$ cat coords.cif   # mmCIF, C-alpha atoms
data_target
#
loop_
_atom_site.label_atom_id
_atom_site.label_comp_id
_atom_site.auth_asym_id
_atom_site.auth_seq_id
_atom_site.Cartn_x
_atom_site.Cartn_y
_atom_site.Cartn_z
CA MET A 1 0.00 0.00 0.00
CA TYR A 2 1.30 3.41 -0.99
CA VAL A 3 0.39 6.67 0.72
CA LEU A 4 0.62 9.53 -1.78
CA HIS A 5 1.35 13.03 -0.55
CA LYS A 6 2.06 16.61 -1.58
CA ASP A 7 5.31 18.51 -1.07
CA ASP A 8 4.22 19.63 2.41
CA GLY A 9 3.16 16.12 3.46
CA SER A 10 -0.60 16.49 3.01
CA ILE A 11 -2.06 13.15 1.97
CA VAL A 12 -3.55 12.98 -1.50
CA GLY A 13 -4.63 9.36 -1.39
CA VAL A 14 -3.73 5.73 -0.93
CA VAL A 15 -3.30 3.07 -3.62
CA THR A 16 -2.57 -0.62 -3.70
CA GLY A 17 0.59 -1.87 -5.30
CA ASP A 18 3.56 -4.14 -4.80
CA LYS A 19 7.03 -2.96 -3.86
CA HIS A 20 7.94 -2.33 -7.50
CA TYR A 21 4.99 -0.04 -8.15
CA GLY A 22 6.64 3.02 -6.59
CA ALA A 23 8.68 3.76 -9.71
CA ASP A 24 5.48 3.94 -11.75
CA LEU A 25 3.90 6.27 -9.21
CA THR A 26 6.96 8.52 -9.33
CA ARG A 27 6.80 8.57 -13.12
CA VAL A 28 3.28 10.04 -13.10
CA GLY A 29 4.28 12.67 -10.55
CA HIS A 30 3.26 11.16 -7.22
CA GLN A 31 5.32 11.42 -4.04
CA TRP A 32 4.80 8.44 -1.79
CA ILE A 33 5.69 6.31 1.16
CA TYR A 34 5.30 2.55 1.01
CA LEU A 35 3.53 0.70 3.80
CA ALA A 36 4.00 -2.97 3.12
CA SER A 37 1.50 -5.65 4.02
CA GLU A 38 -1.50 -3.37 4.13
CA ASP A 39 -4.24 -3.13 1.56
CA ALA A 40 -5.71 0.22 0.53
CA SER A 41 -9.23 -1.17 0.83
CA ALA A 42 -8.65 -1.50 4.56
CA VAL A 43 -6.99 1.81 5.32
CA SER A 44 -6.66 1.83 9.07
CA PHE A 45 -5.98 5.52 9.51
CA ASP A 46 -7.98 8.63 8.70
CA THR A 47 -6.41 10.08 5.59
CA MET A 48 -7.95 13.48 6.40
CA THR A 49 -6.27 13.82 9.81
CA THR A 50 -2.94 12.18 9.05
CA TYR A 51 0.06 13.52 7.18
CA VAL A 52 3.46 12.40 5.98
CA ASP A 53 6.39 13.92 7.84
CA VAL A 54 8.46 14.85 4.79
CA GLU A 55 11.43 15.90 6.92
CA ARG A 56 11.66 12.47 8.52
CA LYS A 57 11.22 10.87 5.13
CA ALA A 58 14.03 13.00 3.67
CA ALA A 59 16.22 12.00 6.62
CA GLY A 60 15.79 8.38 5.64
CA ALA A 61 13.43 7.22 8.39
CA PRO A 62 11.46 4.02 7.77
CA HIS A 63 8.33 4.97 5.87
CA LEU A 64 5.97 3.59 8.51
CA GLU A 65 7.46 6.07 11.00
CA CYS A 66 6.77 8.99 8.64
CA LEU A 67 3.02 8.73 9.03
CA ARG A 68 1.87 11.18 11.69
CA SER A 69 -1.44 12.32 13.14
CA MET A 70 -2.35 15.99 12.88
CA GLU A 71 -2.34 17.79 16.21
CA PRO A 72 -5.17 19.96 17.46
CA LEU A 73 -4.48 23.65 17.40
CA THR A 74 -5.13 25.44 20.67
CA LEU A 75 -5.87 29.11 20.21
CA THR A 76 -6.13 31.46 23.14
CA VAL A 77 -8.00 34.74 23.04
CA ASP A 78 -7.83 37.28 25.85
CA LYS A 79 -11.41 38.48 25.26
CA THR A 80 -14.21 37.27 23.05
CA GLU A 81 -16.10 40.56 23.13
CA ILE A 82 -14.68 43.90 22.10
CA ASP A 83 -16.06 47.36 21.53
CA ALA A 84 -16.70 48.29 17.93
CA GLY A 85 -15.07 51.47 16.65
CA GLY A 86 -11.48 50.29 16.30
CA GLU A 87 -10.10 51.21 19.73
CA ASP A 88 -10.58 47.93 21.58
CA VAL A 89 -8.28 45.03 20.70
CA ALA A 90 -8.50 41.25 21.17
CA HIS A 91 -5.24 39.28 21.18
CA ILE A 92 -5.32 35.82 19.67
CA ALA A 93 -2.29 33.68 20.43
CA GLY A 94 -1.17 30.11 19.87
CA ILE A 95 -0.80 30.50 16.12
CA PRO A 96 1.98 28.35 14.63
CA ALA A 97 4.55 30.17 12.54
CA GLY A 98 3.57 30.21 8.91
CA ALA A 99 -0.11 29.60 9.60
CA THR A 100 -2.77 31.17 7.43
CA VAL A 101 -5.21 33.38 9.32
CA GLN A 102 -8.56 34.30 7.85
CA VAL A 103 -11.20 36.56 9.28
CA VAL A 104 -14.71 35.71 8.15
CA VAL A 105 -17.79 37.85 8.66
CA ASP A 106 -21.18 36.38 7.87
CA GLY A 107 -19.65 33.80 5.56
CA GLN A 108 -17.56 36.30 3.63
CA MET A 109 -13.80 36.46 3.98
CA GLU A 110 -12.68 39.89 5.16
CA PHE A 111 -9.00 39.25 5.62
CA GLN A 112 -6.34 36.62 4.92
CA ASP A 113 -2.65 36.61 5.68
CA VAL A 114 0.23 34.41 6.78
CA VAL A 115 1.30 34.93 10.38
CA ASP A 116 4.84 34.30 11.58
CA ASP A 117 4.98 35.91 15.00
CA GLY A 118 2.53 33.62 16.76
CA GLU A 119 -0.36 36.01 17.42
CA ILE A 120 -2.67 38.56 15.89
CA GLU A 121 -4.53 41.56 17.20
CA LEU A 122 -8.13 42.04 16.18
CA SER A 123 -9.93 45.35 16.32
CA ALA A 124 -13.23 46.06 14.62
CA ALA A 125 -14.87 49.09 13.13
CA ASP A 126 -18.26 47.43 12.75
CA ALA A 127 -20.42 45.73 15.34
CA THR A 128 -20.69 42.15 14.15
CA VAL A 129 -19.37 38.61 14.75
CA TYR A 130 -15.84 37.91 13.53
CA GLU A 131 -14.68 34.35 13.08
CA VAL A 132 -10.92 33.95 13.06
CA ILE A 133 -9.85 30.76 11.31
CA VAL A 134 -6.31 29.46 11.61
CA SER A 135 -5.02 26.82 9.21
CA SER A 136 -1.60 25.28 9.44
CA ALA A 137 -1.68 22.21 7.26
CA PRO A 138 -0.56 19.57 7.31
CA LYS A 139 0.69 19.33 10.91
CA TYR A 140 -2.31 20.90 12.61
CA LEU A 141 -6.06 20.64 12.36
CA SER A 142 -7.74 23.94 11.56
CA ALA A 143 -9.18 25.87 14.48
CA SER A 144 -11.26 28.98 14.92
CA VAL A 145 -12.36 31.46 17.55
CA GLN A 146 -15.19 33.95 17.52
CA VAL A 147 -14.90 37.54 18.61
CA VAL A 148 -18.03 39.65 18.90
CA ALA A 149 -17.75 43.39 18.40
CA ARG A 150 -20.54 45.36 20.06
CA MET B 1 -32.03 -31.15 -35.11
CA THR B 2 -29.95 -27.94 -35.17
CA TRP B 3 -26.25 -28.30 -35.88
CA ARG B 4 -24.62 -26.57 -32.90
CA VAL B 5 -21.01 -27.76 -32.70
CA LEU B 6 -18.36 -27.14 -35.33
CA ARG B 7 -14.69 -28.08 -35.14
CA GLY B 8 -12.51 -27.48 -38.17
CA ARG B 9 -13.27 -25.57 -41.36
CA ARG B 10 -16.12 -23.04 -41.25
CA GLU B 11 -18.39 -21.99 -44.11
CA ASP B 12 -16.11 -18.98 -44.82
CA GLY B 13 -13.04 -21.23 -45.05
CA SER B 14 -11.45 -20.24 -41.73
CA MET B 15 -10.59 -22.80 -39.07
CA GLY B 16 -11.99 -22.80 -35.53
CA PHE B 17 -14.12 -24.34 -32.85
CA ASP B 18 -17.63 -22.96 -32.30
CA ILE B 19 -20.69 -23.86 -30.27
CA SER B 20 -23.87 -21.98 -31.09
CA LYS B 21 -26.67 -21.08 -28.71
CA PRO B 22 -29.72 -23.36 -28.75
CA GLY B 23 -31.86 -22.79 -31.83
CA TYR B 24 -29.03 -21.40 -33.97
CA ASP B 25 -27.18 -23.33 -36.66
CA VAL B 26 -23.48 -23.07 -35.85
CA ARG B 27 -22.56 -22.86 -39.52
CA TYR B 28 -24.50 -19.64 -40.13
CA ALA B 29 -24.93 -18.04 -36.68
CA ASP B 30 -23.10 -14.75 -36.07
CA LYS B 31 -20.82 -14.24 -33.07
CA MET B 32 -23.62 -12.80 -30.96
CA HIS B 33 -25.36 -16.15 -31.11
CA MET B 34 -22.38 -18.28 -30.17
CA ALA B 35 -22.18 -19.88 -26.75
CA PHE B 36 -18.45 -20.30 -27.44
CA SER B 37 -16.13 -19.41 -30.28
CA SER B 38 -12.38 -19.77 -30.50
CA ASP B 39 -12.41 -16.42 -32.33
CA LEU B 40 -13.83 -14.44 -29.42
CA LYS B 41 -11.24 -12.43 -27.53
CA ILE B 42 -10.96 -12.89 -23.80
CA PRO B 43 -10.04 -9.65 -22.02
CA LYS B 44 -6.88 -9.70 -19.94
CA VAL B 45 -6.55 -7.93 -16.61
CA VAL B 46 -3.87 -5.26 -16.81
CA LYS B 47 -4.33 -4.02 -13.26
CA ALA B 48 -6.86 -4.31 -10.49
CA GLY B 49 -6.88 -2.67 -7.10
CA THR B 50 -8.27 -0.03 -4.82
CA ALA B 51 -7.46 3.60 -4.18
CA THR B 52 -8.57 5.98 -1.47
CA ILE B 53 -8.63 9.53 -2.76
CA ASN B 54 -8.83 12.58 -0.52
CA PRO B 55 -11.03 15.48 -1.56
CA THR B 56 -9.40 18.81 -2.23
CA ASN B 57 -10.53 21.67 -0.06
CA GLY B 58 -12.21 24.45 -1.91
CA GLY B 59 -14.97 26.94 -1.86
CA PHE B 60 -15.01 30.66 -1.39
CA VAL B 61 -12.70 30.46 1.60
CA LYS B 62 -9.97 28.45 -0.05
CA SER B 63 -8.02 26.92 2.77
CA TYR B 64 -11.06 26.35 4.92
CA GLY B 65 -13.55 25.49 2.23
CA LEU B 66 -15.53 22.32 2.10
CA PRO B 67 -13.61 19.24 1.04
CA GLY B 68 -14.51 18.58 -2.57
CA GLY B 69 -14.95 22.21 -3.46
CA ASP B 70 -12.04 21.84 -5.84
CA GLN B 71 -11.39 18.89 -8.09
CA THR B 72 -8.77 16.28 -7.23
CA VAL B 73 -6.79 14.94 -10.18
CA PHE B 74 -5.38 11.53 -9.32
CA PRO B 75 -3.36 9.49 -11.85
CA VAL B 76 -3.08 5.71 -11.42
CA PRO B 77 -0.33 4.16 -13.57
CA TYR B 78 -0.70 0.63 -14.96
CA GLY B 79 2.99 -0.17 -14.71
CA GLN B 80 3.22 -0.69 -18.46
CA THR B 81 2.41 1.16 -21.67
CA LEU B 82 -0.23 -0.48 -23.82
CA PRO B 83 -0.52 -0.14 -27.60
CA PHE B 84 -4.03 1.26 -27.17
CA CYS B 85 -6.30 2.56 -24.43
CA PRO B 86 -7.76 -0.20 -22.25
CA VAL B 87 -11.19 -0.41 -20.68
CA VAL B 88 -11.32 0.84 -17.09
CA VAL B 89 -14.19 -0.23 -14.87
CA ALA B 90 -14.42 1.57 -11.55
CA VAL B 91 -16.81 1.90 -8.63
CA GLY B 92 -16.47 4.72 -6.13
CA LYS B 93 -17.86 5.01 -2.63
CA CYS B 94 -17.88 8.16 -0.53
CA ASP B 95 -18.74 7.84 3.15
CA HIS B 96 -20.57 10.34 5.26
CA TRP B 97 -18.80 13.41 6.47
CA LEU B 98 -19.95 15.52 9.37
CA VAL B 99 -20.58 19.15 8.60
CA PRO B 100 -20.94 21.44 11.61
CA LEU B 101 -23.45 24.00 10.45
CA ASN B 102 -22.58 26.32 13.28
CA THR B 103 -19.25 27.01 11.58
CA LEU B 104 -19.78 30.11 9.53
CA GLY B 105 -17.87 29.08 6.43
CA ASN B 106 -19.62 25.75 6.16
CA ARG B 107 -23.01 27.06 7.18
CA ASN B 108 -23.26 29.45 4.30
CA ILE B 109 -22.24 26.89 1.73
CA ILE B 110 -24.48 24.20 3.08
CA THR B 111 -27.50 26.36 3.68
CA GLY B 112 -27.04 27.72 0.17
CA LEU B 113 -27.14 24.19 -1.20
CA TRP B 114 -29.84 23.36 1.26
CA GLY B 115 -32.15 26.02 -0.08
CA LYS B 116 -31.47 24.89 -3.61
CA TYR B 117 -31.59 21.12 -3.39
CA ILE B 118 -32.83 19.99 -0.05
CA THR B 119 -36.12 20.15 1.72
CA PRO B 120 -36.23 21.41 5.31
CA ILE B 121 -34.90 19.05 7.92
CA TYR B 122 -37.26 17.47 10.39
CA GLU B 123 -36.47 15.67 13.56
CA ASN B 124 -35.04 12.20 12.92
CA PHE B 125 -35.38 12.79 9.23
CA VAL B 126 -33.22 10.40 7.24
CA MET B 127 -32.72 10.33 3.52
CA PRO B 128 -31.26 7.37 1.66
CA GLY B 129 -27.64 7.96 0.80
CA ASP B 130 -26.95 9.01 -2.73
CA LEU B 131 -23.41 7.86 -3.31
CA THR B 132 -23.22 8.76 -6.95
CA TYR B 133 -23.74 12.44 -7.50
CA GLY B 134 -25.36 15.41 -5.89
CA THR B 135 -25.83 16.73 -2.43
CA ASN B 136 -27.82 14.87 0.14
CA LEU B 137 -28.23 15.30 3.82
CA ASN B 138 -28.20 11.78 5.11
CA HIS B 139 -28.89 12.42 8.71
CA ALA B 140 -29.80 15.45 10.72
CA THR B 141 -29.81 15.87 14.46
CA PRO B 142 -31.63 19.04 15.42
CA GLY B 143 -30.47 20.47 18.65
CA TYR B 144 -26.86 19.49 18.30
CA GLY B 145 -24.66 22.23 19.59
CA ASP B 146 -26.28 25.56 20.20
CA ALA B 147 -29.91 26.31 19.52
CA ASN B 148 -29.55 27.45 15.95
CA SER B 149 -27.15 24.81 14.68
CA VAL B 150 -27.30 21.20 13.64
CA MET B 151 -24.75 18.58 12.72
CA VAL B 152 -25.40 16.78 9.46
CA GLY B 153 -23.79 13.98 7.53
CA TRP B 154 -23.13 15.03 3.97
CA ALA B 155 -22.22 12.43 1.39
CA ALA B 156 -21.63 13.23 -2.21
CA CYS B 157 -19.09 12.30 -4.82
CA ALA B 158 -18.68 12.55 -8.53
CA PHE B 159 -15.79 11.15 -10.49
CA LEU B 160 -14.69 10.72 -14.05
CA ILE B 161 -12.22 8.16 -15.38
CA GLU B 162 -9.96 9.15 -18.25
CA ALA B 163 -8.16 6.07 -19.64
CA ARG B 164 -4.79 6.49 -21.31
CA THR B 165 -2.30 3.96 -22.61
CA ASP B 166 -0.05 4.05 -19.52
CA GLN B 167 -2.38 5.30 -16.77
CA PHE B 168 -5.91 6.29 -15.97
CA ILE B 169 -6.72 9.61 -14.40
CA VAL B 170 -9.45 10.03 -11.81
CA ARG B 171 -11.06 13.46 -11.63
CA PHE B 172 -12.86 13.53 -8.32
CA ASN B 173 -15.11 15.87 -6.38
CA GLY B 174 -16.36 14.57 -3.07
CA SER B 175 -17.35 15.50 0.42
CA SER B 176 -15.07 12.90 2.02
CA PRO B 177 -12.38 10.44 0.93
CA MET B 178 -13.60 8.17 -1.85
CA THR B 179 -12.71 4.49 -2.01
CA LEU B 180 -12.35 3.46 -5.62
CA LYS B 181 -12.26 -0.16 -6.75
CA TYR B 182 -10.98 -0.50 -10.28
CA LEU B 183 -10.28 -3.03 -12.99
CA VAL B 184 -8.24 -2.28 -16.11
CA LEU B 185 -8.92 -4.64 -19.02
CA ARG B 186 -7.28 -4.98 -22.41
CA TYR B 187 -8.20 -7.10 -25.36
CA PRO B 188 -5.33 -9.06 -26.87
#
$ encode --input "coords.cif" --output "structure tokens"
Amino acid sequence: MYVLHKDDGSIVGVVTGDKHYGADLTRVGHQWIYLASEDASAVSFDTMTTYVDVERKAAGAPHLECLRSMEPLTLTVDKTEIDAGGEDVAHIAGIPAGATVQVVVDGQMEFQDVVDDGEIELSAADATVYEVIVSSAPKYLSASVQVVAR
Amino acid sequence: MTWRVLRGRREDGSMGFDISKPGYDVRYADKMHMAFSSDLKIPKVVKAGTATINPTNGGFVKSYGLPGGDQTVFPVPYGQTLPFCPVVVAVGKCDHWLVPLNTLGNRNIITGLWGKYITPIYENFVMPGDLTYGTNLNHATPGYGDANSVMVGWAACAFLIEARTDQFIVRFNGSSPMTLKYLVLRYP
């Protein structure tokens, strides 16, 4: 069984194949790790919450040890309610370096950026509900917090 | 008595071994009416197996969109190059996926689809799973989470197989990982 992944380790899929099949997968552009003795029809891990540790793979670790579970992302926010008008600020911390932060208002994305310093400050001109979504694939599961501006 | 078995020279001069279906004279029956003919080609299995394909996140909020919002392109090589395109037979199955409607990004997508395709949800309302194409709410549990949210199972997948001489390509949209069982056949 082969686990196919992207450059960052996100899993694309799983296919059956013997130990010689890897060369064919490489030829069509797949990156993979080979897990012998398992059949893709009985995948025993959740392909949506698992990733391939490409650094361990590059270091030559056995492929079975390169399969890792995503970790939950724990965000902390100092206050979930702020005053509208732009003066009051909520601090959201616990953001992994390189994570993508999006601010969504009523289903529409208001802001998106990559954060490297571990936290963001949120102030709001309008009184509404702001959902801050943090994505840091493939190592972490996405997480979000809500801040209400009144 | 109908002549149904022929071994040796046929009416057209070729050699072979044929058995016709009951009621058909083996000397004049066409191939569609043969129970067996040494001329009929038996397909050979080039490759058979399974693949589990993850959906690609997509939607209006790209990195947090619903899985399946963008199309996944997934090549499966045969391990050999054939002189012509084979026949690929495939069956895909997409399991349920839980959609928390109290998450803003998902809620707007789902309620948008909901209004378009789906009737209102009632308590303990269950629809049969449509595992081929479209959007179905398979199970709804009113009252899950806060008062104005529900948790639903959403199962949908659509895929297309594009057979080539050295690989077939799966183009897949789905709400959760799809398990694909496939068989690649060639005629000699």
$ atom_distance --input "coords.cif" --atom1 "CA of Pro138 in chain A" --atom2 "CA of Phe172 in chain B"
20.8 Å
$ atom_distance --input "coords.cif" --atom1 "CA of Pro22 in chain B" --atom2 "CA of Thr2 in chain B"
7.9 Å
$ resolve_selection --input "coords.cif" --expression "the PyMOL selection byres ((chain A) within 8 of (chain B))" --output "JSON, numbers by chain"
{"A": [11, 12, 13, 14, 15, 16, 17, 21, 24, 25, 28, 40, 41, 47, 48, 104, 106, 107, 108, 109, 131, 133, 135, 142]}
$ atom_distance --input "coords.cif" --atom1 "CA of Asp30 in chain B" --atom2 "CA of Cys85 in chain B"
26.8 Å
$ residues_near_point --input "coords.cif" --point "(1.5, 30.7, 15.0)" --cutoff "8 Å" --atoms "all atoms listed in the file" --output "list in words"
Ala93, Gly94, Ile95, Pro96, Ala97, Gly98, Ala99, Val115, Asp116, Asp117, Gly118 and Glu119 of chain A
$ residues_around --input "coords.cif" --residues "range 74-83 of chain A" --least-positions-apart "6" --cutoff "12 Å" --atoms "only C-alpha atoms" --output "ChimeraX atom specification"
/A:89-96,101,118-136,140-150
$ closest_residue --input "coords.cif" --among "B:Phe84, B:Phe17, B:Trp3, B:Phe159" --to "Asp39 in chain B" --atoms "all atoms listed in the file"
B:Phe17
$ resolve_selection --input "coords.cif" --expression "the PyMOL selection byres ((chain A and resi 65) around 12)" --output "list in words"
Ile33, Tyr34, Leu35, Tyr51, Val52, Asp53, Val54, Glu55, Arg56, Lys57, Ala59, Gly60, Ala61, Pro62, His63, Leu64, Cys66, Leu67, Arg68 and Ser69 of chain A
$ write_last_selection --input "coords.cif" --atoms "C-alpha atoms" --output "mmCIF file, in the frame of the given file"
data_model
loop_
_atom_site.group_PDB
_atom_site.id
_atom_site.type_symbol
_atom_site.label_atom_id
_atom_site.label_comp_id
_atom_site.auth_asym_id
_atom_site.auth_seq_id
_atom_site.Cartn_x
_atom_site.Cartn_y
_atom_site.Cartn_z
ATOM 1 C CA ILE A 33 5.690 6.310 1.160
ATOM 2 C CA TYR A 34 5.300 2.550 1.010
ATOM 3 C CA LEU A 35 3.530 0.700 3.800
ATOM 4 C CA TYR A 51 0.060 13.520 7.180
ATOM 5 C CA VAL A 52 3.460 12.400 5.980
ATOM 6 C CA ASP A 53 6.390 13.920 7.840
ATOM 7 C CA VAL A 54 8.460 14.850 4.790
ATOM 8 C CA GLU A 55 11.430 15.900 6.920
ATOM 9 C CA ARG A 56 11.660 12.470 8.520
ATOM 10 C CA LYS A 57 11.220 10.870 5.130
ATOM 11 C CA ALA A 59 16.220 12.000 6.620
ATOM 12 C CA GLY A 60 15.790 8.380 5.640
ATOM 13 C CA ALA A 61 13.430 7.220 8.390
ATOM 14 C CA PRO A 62 11.460 4.020 7.770
ATOM 15 C CA HIS A 63 8.330 4.970 5.870
ATOM 16 C CA LEU A 64 5.970 3.590 8.510
ATOM 17 C CA CYS A 66 6.770 8.990 8.640
ATOM 18 C CA LEU A 67 3.020 8.730 9.030
ATOM 19 C CA ARG A 68 1.870 11.180 11.690
ATOM 20 C CA SER A 69 -1.440 12.320 13.140
#
